[in-house]
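**Student:** Contents are mmCIF, C-alpha atoms; chains and numbers go by the auth columns; file name final-v9.cif:
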```cif
data_work
#
loop_
_atom_site.group_PDB
_atom_site.id
_atom_site.type_symbol
_atom_site.label_atom_id
_atom_site.label_comp_id
_atom_site.label_asym_id
_atom_site.label_seq_id
_atom_site.Cartn_x
_atom_site.Cartn_y
_atom_site.Cartn_z
_atom_site.B_iso_or_equiv
_atom_site.auth_seq_id
_atom_site.auth_asym_id
ATOM 1 C CA MET A 1 20.343 51.550 -50.651 0.00 1 A
ATOM 2 C CA SER A 2 19.592 48.858 -48.114 0.00 2 A
ATOM 3 C CA ASP A 3 17.095 46.069 -48.597 0.00 3 A
ATOM 4 C CA LEU A 4 14.876 47.673 -45.937 0.00 4 A
ATOM 5 C CA ASP A 5 14.953 51.006 -47.766 0.00 5 A
ATOM 6 C CA ALA A 6 13.974 49.272 -50.998 0.00 6 A
ATOM 7 C CA ARG A 7 11.104 47.444 -49.291 0.00 7 A
ATOM 8 C CA LEU A 8 9.885 50.723 -47.754 0.00 8 A
ATOM 9 C CA LEU A 9 9.900 52.391 -51.162 0.00 9 A
ATOM 10 C CA ASP A 10 8.049 49.435 -52.705 0.00 10 A
ATOM 11 C CA ALA A 11 5.423 49.500 -49.929 0.00 11 A
ATOM 12 C CA HIS A 12 4.919 53.241 -50.434 0.00 12 A
ATOM 13 C CA ALA A 13 4.572 52.772 -54.188 0.00 13 A
ATOM 14 C CA ALA A 14 2.022 50.006 -53.639 0.00 14 A
ATOM 15 C CA GLY A 15 0.140 51.938 -50.949 0.00 15 A
ATOM 16 C CA ASP A 16 0.566 48.928 -48.646 0.00 16 A
ATOM 17 C CA ARG A 17 -0.026 50.493 -45.227 0.00 17 A
ATOM 18 C CA GLN A 18 0.068 47.124 -43.459 0.00 18 A
ATOM 19 C CA ALA A 19 3.598 46.570 -44.735 0.00 19 A
ATOM 20 C CA LEU A 20 4.550 50.167 -43.935 0.00 20 A
ATOM 21 C CA VAL A 21 3.676 49.669 -40.266 0.00 21 A
ATOM 22 C CA ALA A 22 5.891 46.598 -40.068 0.00 22 A
ATOM 23 C CA LEU A 23 8.732 48.062 -42.107 0.00 23 A
ATOM 24 C CA TYR A 24 8.867 51.376 -40.244 0.00 24 A
ATOM 25 C CA ARG A 25 8.801 49.466 -36.943 0.00 25 A
ATOM 26 C CA GLN A 26 11.645 47.317 -38.231 0.00 26 A
ATOM 27 C CA ALA A 27 13.578 50.430 -39.265 0.00 27 A
ATOM 28 C CA ALA A 28 13.042 51.911 -35.796 0.00 28 A
ATOM 29 C CA ASP A 29 14.350 48.728 -34.190 0.00 29 A
ATOM 30 C CA ALA A 30 17.470 48.908 -36.358 0.00 30 A
ATOM 31 C CA ALA A 31 18.103 52.649 -35.910 0.00 31 A
ATOM 32 C CA ARG A 32 21.123 53.596 -33.843 0.00 32 A
ATOM 33 C CA GLN A 33 20.178 57.190 -33.113 0.00 33 A
ATOM 34 C CA ALA A 34 17.202 58.199 -30.964 0.00 34 A
ATOM 35 C CA ASP A 35 16.019 60.801 -33.489 0.00 35 A
ATOM 36 C CA ALA A 36 15.972 58.244 -36.291 0.00 36 A
ATOM 37 C CA ARG A 37 14.209 55.723 -34.040 0.00 37 A
ATOM 38 C CA GLY A 38 11.578 58.336 -33.186 0.00 38 A
ATOM 39 C CA PHE A 39 11.141 59.268 -36.843 0.00 39 A
ATOM 40 C CA TYR A 40 10.517 55.680 -37.901 0.00 40 A
ATOM 41 C CA LEU A 41 8.275 54.891 -34.938 0.00 41 A
ATOM 42 C CA THR A 42 6.189 57.978 -35.626 0.00 42 A
ATOM 43 C CA HIS A 43 5.659 56.853 -39.202 0.00 43 A
ATOM 44 C CA ALA A 44 4.755 53.338 -38.088 0.00 44 A
ATOM 45 C CA TYR A 45 2.292 54.813 -35.585 0.00 45 A
ATOM 46 C CA VAL A 46 0.627 57.112 -38.128 0.00 46 A
ATOM 47 C CA TYR A 47 0.140 54.296 -40.635 0.00 47 A
ATOM 48 C CA ALA A 48 -1.135 52.044 -37.842 0.00 48 A
ATOM 49 C CA LEU A 49 -3.698 54.684 -36.875 0.00 49 A
ATOM 50 C CA GLU A 50 -4.839 54.997 -40.480 0.00 50 A
ATOM 51 C CA ILE A 51 -5.682 51.302 -40.757 0.00 51 A
ATOM 52 C CA GLY A 52 -6.633 50.456 -37.180 0.00 52 A
ATOM 53 C CA HIS A 53 -3.619 48.176 -36.821 0.00 53 A
ATOM 54 C CA PRO A 54 -3.520 46.045 -33.645 0.00 54 A
ATOM 55 C CA GLU A 55 -0.089 47.456 -32.679 0.00 55 A
ATOM 56 C CA ILE A 56 -1.331 51.027 -32.173 0.00 56 A
ATOM 57 C CA GLY A 57 -1.032 50.760 -28.390 0.00 57 A
ATOM 58 C CA ALA A 58 2.423 49.212 -28.440 0.00 58 A
ATOM 59 C CA LEU A 59 3.734 51.822 -30.873 0.00 59 A
ATOM 60 C CA ARG A 60 2.223 54.633 -28.831 0.00 60 A
ATOM 61 C CA ASN A 61 3.793 53.233 -25.661 0.00 61 A
ATOM 62 C CA ARG A 62 7.215 53.158 -27.299 0.00 62 A
ATOM 63 C CA LEU A 63 6.796 56.758 -28.403 0.00 63 A
ATOM 64 C CA LYS A 64 5.698 57.738 -24.895 0.00 64 A
ATOM 65 C CA GLU A 65 8.769 56.084 -23.424 0.00 65 A
ATOM 66 C CA MET A 66 10.868 58.227 -25.745 0.00 66 A
ATOM 67 C CA GLY A 67 9.042 61.386 -24.704 0.00 67 A
ATOM 68 C CA ARG A 68 7.538 61.831 -28.173 0.00 68 A
ATOM 69 C CA GLU A 69 3.899 61.209 -27.276 0.00 69 A
ATOM 70 C CA GLU A 70 1.803 62.224 -24.304 0.00 70 A
#
```
Could the structure of this file be written out as structure tokens, please?
**Tutor:**
Amino acid sequence: MSDLDARLLDAHAAGDRQALVALYRQAADAARQADARGFYLTHAYVYALEIGHPEIGALRNRLKEMGREE
């Protein structure tokens, strides 16, 4: 298990949505495959929406560029 995976699990266990946005975005940035990148970005976006995170627009734009959001 990578350090990032461990931090994601810890953030989920703690219910830390702020950290989840950052960690899923970080995972998306590190992902090599487009499907994995989309998966992680979608999770970051959903958690951002839940807490009104300031990166909602940027995450949505990245998803749009990938053809995963309209």
**Student:** Counting only C-alpha atoms, select every polymer residue within 7 Å of (4.6, 47.8, -34.6) as defined in the file's coordinates, and provide the selection as a list of chain:residue names.
**Tutor:**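 Within the cut-off we find A:Val21, A:Ala22, A:Arg25, A:Ala44, A:Glu55, A:Ala58, A:Leu59.
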**Student:** With all atoms listed in the file as the counted atoms, please give the residues lying no more than 12 Å from His12 in chain A, apart from itself and same-chain residues fewer than 6 positions off, as a ChimeraX atom specification.
**Tutor:** /A:5-6,18-21,23-24,43,47
**Student:** Kindly indicate which residue among A:Gln26, A:Leu41, A:Leu9, A:Leu4 lies nearest to Glu65 in chain A, using all atoms listed in the file for the distances.
**Tutor:**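 The shortest atom-to-atom distance to Glu65 in chain A comes from A:Leu41.
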**Student:** Quick one: of A:Ile56, A:Ala34, A:Ile51, A:Leu63, who's nearest to Arg17 in chain A, counting all atoms listed in the file?
**Tutor:**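 For Arg17 in chain A, the nearest of the candidates is A:Ile51.
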**Student:** To one decimal place, how far is CA of Glu69 in chain A from CA of Asp10 in chain A in Å?
**Tutor:**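 About the pair CA of Glu69 in chain A and CA of Asp10 in chain A: they are 28.3 Å apart.
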**Student:** Ranking A:Met66, A:Ala27, A:Ala48, A:Ala36 by minimum distance to Ser2 in chain A and counting all atoms listed in the file, which one comes first?
**Tutor:**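 Nearest candidate to Ser2 in chain A out of A:Met66, A:Ala27, A:Ala48, A:Ala36: A:Ala27.
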**Student:** Please report, as AutoDock Vina command-line options, the centre and edge lengths in Å to one decimal of an axis-aligned box covering all listed atoms of range 16-29 of chain A with 5 Å per side.
**Tutor:**
```
--center_x 7.2 --center_y 49.2 --center_z -41.4 --size_x 24.4 --size_y 15.3 --size_z 24.5
```
**Student:** To one decimal place, how far is CA of Gly67 in chain A from CA of Gly52 in chain A in Å?
**Tutor:**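 It comes out at 22.8 Å.
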**Student:** State, in Å with one decimal place, the distance from CA of Tyr45 in chain A to CA of Arg60 in chain A.
**Tutor:**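 Computed distance, CA of Tyr45 in chain A to CA of Arg60 in chain A, equals 6.8 Å.
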**Student:** Determine the nearest neighbour of Gly38 in chain A from the options A:Lys64, A:Glu70, A:Glu50, A:Ala13, counting all atoms listed in the file.
**Tutor:**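 Residue with the minimum atom-to-atom distance to Gly38 in chain A: A:Lys64.
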